[in-house]
Amino acid sequence: MAEPNRIGKVVGDRFRIDELIGRGAMAEVYRALDLQTQAYCAVKVVRHTHVNDSVVLARFAREAEVQAKIRHRNVAALLGSGLTDKKEPWLAVELLRGKTLRGVIKAGAIEPRRAASYAWQALQGLDAVHAQGILHRDLKPANIMLEPSQGPVDRVVLIDFGFATFDGSAKLTLQGTVVGSLTYIAPERLAGTPTDKRADLYAIGVILWEMLMGAPPFSAEDDYDLIDMQVNVPAPHLDPSLPKALDDLLLRALEKDPKLRWPDARSMATALEVAAQRLTG
């Protein structure tokens, strides 16, 4: 079934859809004009073929519900949500014009001070997320945007809260099902044991390690081998040319036992500030 032509439509009596800029399996993303502010934003609309898919609708509603609770410069801002005249759920968010961290890492390792800044900013956003009792659960380079900034380093923005969960919320995945990329999933999630915010900190640890070294700490061609490494193999050390304080920070972030990791995003960010002071490049 072809998607309806949404160009020129106004949703929520506020957002005029101007141009299709992205298409995924679940939704289409449009550049839209906010008629209240005259600023451009992005409007994400569930594809018409999925308007009766209860799982897709629940995840889309969760994304809107979660992002409505957070206002922070390192988290994508939600501007509005609702239904189109064809009963398709939509949400409007700030228009991000930068690139994903994934695209940057593909070119190789990132200069250490810049990598530390990216991780520090991600931890600031994550601290705001966790302060609302929310777990992101799908942190990976593809879900971290780098927005052009007036400062020396891009602004980091956390996106895609479709798999997020928070205290008292309903489960959106079947028991025994793990969501997210295996490369960034904490061992306790793979083992099916209860998780908390320290699972998100593990993901940040993997991402920072990958930024510094150009590849993630654990990789394998076979998913079962990768799961075994995540659950059982100790994290490797960074290149010895990098400060020991940074290596120690990541070894703690990548502990298999969550009780041995940093207790929260703020404490990990503070330790990263100290370690980054020893970076020369």
# chains A, B, ... in the order shown; residues from 1 in each chain; ligands from 1
$ select_by_dssp --residues "stretch 72-258 of chain A" --states "helix (DSSP H, G or I)" --output "PyMOL selection string"
chain A and resi 101-105+112-131+141-143+182-184+187-190+198-213+223-232+244-253+258
$ closest_atom_pairs --of "stretch 5-91 of chain A" --to "stretch 105-125 of chain A" --cutoff "8 Å" --atoms "only C-alpha atoms" --output "Markdown table"
| residue | atom | partner | partner_atom | distance |
| --- | --- | --- | --- | --- |
| A:His72 | CA | A:Gly125 | CA | 6.5 |
| A:Arg73 | CA | A:Gly125 | CA | 7.3 |
| A:Asn74 | CA | A:Gly125 | CA | 4.6 |
| A:Val75 | CA | A:Gly125 | CA | 5.6 |
$ residues_around --residues "stretch 192-203 of chain A" --least-positions-apart "3" --cutoff "6 Å" --atoms "only C-alpha atoms" --output "PDB file with N, CA and C atoms, in the first residue's frame"
ATOM      1  N   LEU A 135      15.419   4.616  31.271  1.00  0.00           N
ATOM      2  CA  LEU A 135      16.575   3.924  30.707  1.00  0.00           C
ATOM      3  C   LEU A 135      16.466   3.993  29.188  1.00  0.00           C
ATOM      4  N   TYR A 184      26.809  -3.230  21.999  1.00  0.00           N
ATOM      5  CA  TYR A 184      26.717  -2.210  23.053  1.00  0.00           C
ATOM      6  C   TYR A 184      25.862  -2.643  24.236  1.00  0.00           C
ATOM      7  N   ALA A 186      24.850  -4.428  27.686  1.00  0.00           N
ATOM      8  CA  ALA A 186      25.513  -4.838  28.921  1.00  0.00           C
ATOM      9  C   ALA A 186      25.303  -6.331  29.187  1.00  0.00           C
ATOM     10  N   GLU A 188      24.478  -8.029  31.798  1.00  0.00           N
ATOM     11  CA  GLU A 188      23.296  -8.427  32.566  1.00  0.00           C
ATOM     12  C   GLU A 188      22.037  -8.464  31.701  1.00  0.00           C
ATOM     13  N   ARG A 189      21.982  -7.618  30.705  1.00  0.00           N
ATOM     14  CA  ARG A 189      20.826  -7.670  29.802  1.00  0.00           C
ATOM     15  C   ARG A 189      20.869  -8.937  28.963  1.00  0.00           C
ATOM     16  N   VAL A 206      31.476   1.347  25.991  1.00  0.00           N
ATOM     17  CA  VAL A 206      31.795   0.715  24.708  1.00  0.00           C
ATOM     18  C   VAL A 206      31.989   1.770  23.620  1.00  0.00           C
ATOM     19  N   ALA A 253      33.896   1.140  33.664  1.00  0.00           N
ATOM     20  CA  ALA A 253      32.623   1.258  32.934  1.00  0.00           C
ATOM     21  C   ALA A 253      32.223  -0.061  32.295  1.00  0.00           C
ATOM     22  N   LEU A 254      33.224  -0.885  31.932  1.00  0.00           N
ATOM     23  CA  LEU A 254      32.959  -2.128  31.209  1.00  0.00           C
ATOM     24  C   LEU A 254      33.038  -3.365  32.115  1.00  0.00           C
TER      25      LEU A 254
END
$ closest_atom_pairs --of "stretch 185-281 of chain A" --to "stretch 89-101 of chain A" --cutoff "12 Å" --atoms "only C-alpha atoms" --output "CSV"
residue,atom,partner,partner_atom,distance
A:Ile207,CA,A:Leu101,CA,9.4
A:Leu208,CA,A:Leu101,CA,10.8
A:Glu210,CA,A:Leu101,CA,10.7
A:Met211,CA,A:Leu101,CA,8.9
A:Gly214,CA,A:Leu101,CA,11.9
$ write_last_selection --atoms "N, CA and C atoms" --output "mmCIF file, in the first residue's frame"
data_model
loop_
_atom_site.group_PDB
_atom_site.id
_atom_site.type_symbol
_atom_site.label_atom_id
_atom_site.label_comp_id
_atom_site.auth_asym_id
_atom_site.auth_seq_id
_atom_site.Cartn_x
_atom_site.Cartn_y
_atom_site.Cartn_z
ATOM 1 N N ILE A 207 31.090 2.752 23.601
ATOM 2 C CA ILE A 207 31.152 3.799 22.577
ATOM 3 C C ILE A 207 32.435 4.616 22.700
ATOM 4 N N LEU A 208 32.808 4.985 23.931
ATOM 5 C CA LEU A 208 34.034 5.757 24.116
ATOM 6 C C LEU A 208 35.252 4.922 23.721
ATOM 7 N N GLU A 210 35.357 2.600 21.521
ATOM 8 C CA GLU A 210 35.350 2.530 20.061
ATOM 9 C C GLU A 210 35.832 3.843 19.436
ATOM 10 N N MET A 211 35.432 4.976 20.009
ATOM 11 C CA MET A 211 35.888 6.262 19.482
ATOM 12 C C MET A 211 37.406 6.379 19.579
ATOM 13 N N GLY A 214 38.938 3.096 17.369
ATOM 14 C CA GLY A 214 38.504 2.884 15.991
ATOM 15 C C GLY A 214 37.709 1.619 15.774
#
$ residues_around --residues "A:Leu78" --least-positions-apart "4" --cutoff "10 Å" --atoms "only C-alpha atoms" --output "list in words"
Cys41, Ala42, Val43, Glu63, Ala64, Glu65, Val66, Gln67, Ala68, Lys69, Ile70, Arg71, Leu91, Ala92, Val93 and Glu94 of chain A
$ select_by_dssp --residues "stretch 23-186 of chain A" --states "strand (DSSP E)" --output "count of residues only"
43
$ closest_residue --among "A:Met213, A:Val10, A:Ala164, A:Leu126" --to "A:Thr84" --atoms "only C-alpha atoms"
A:Val10
$ closest_residue --among "A:Ile159, A:Arg47, A:Leu146, A:Phe218" --to "A:Gly22" --atoms "only C-alpha atoms"
A:Arg47
$ closest_residue --among "A:Met229, A:Ala131, A:Leu246, A:Leu212" --to "A:Leu272" --atoms "only C-alpha atoms"
A:Leu246
$ residues_around --residues "A:Val11" --least-positions-apart "4" --cutoff "8 Å" --atoms "only C-alpha atoms" --output "PyMOL selection string"
chain A and resi 15-17+82-84
$ write_last_selection --atoms "N, CA and C atoms" --output "JSON list (two decimals), in the first residue's frame"
[["chain", "number", "residue", "atom", "x", "y", "z"],
["A", 15, "PHE", "N", 2.29, 22.22, 12.50],
["A", 15, "PHE", "CA", 3.47, 21.81, 11.75],
["A", 15, "PHE", "C", 3.09, 21.50, 10.29],
["A", 16, "ARG", "N", 3.62, 22.32, 9.37],
["A", 16, "ARG", "CA", 3.33, 22.12, 7.94],
["A", 16, "ARG", "C", 4.41, 21.24, 7.33],
["A", 17, "ILE", "N", 4.01, 20.09, 6.82],
["A", 17, "ILE", "CA", 4.94, 19.13, 6.24],
["A", 17, "ILE", "C", 5.39, 19.63, 4.86],
["A", 82, "GLY", "N", 0.70, 13.71, 18.12],
["A", 82, "GLY", "CA", -0.74, 13.56, 17.92],
["A", 82, "GLY", "C", -1.06, 12.57, 16.83],
["A", 83, "LEU", "N", -2.24, 12.72, 16.20],
["A", 83, "LEU", "CA", -2.69, 11.85, 15.11],
["A", 83, "LEU", "C", -3.00, 12.69, 13.88],
["A", 84, "THR", "N", -2.66, 12.15, 12.70],
["A", 84, "THR", "CA", -3.05, 12.82, 11.46],
["A", 84, "THR", "C", -4.54, 12.60, 11.22]]
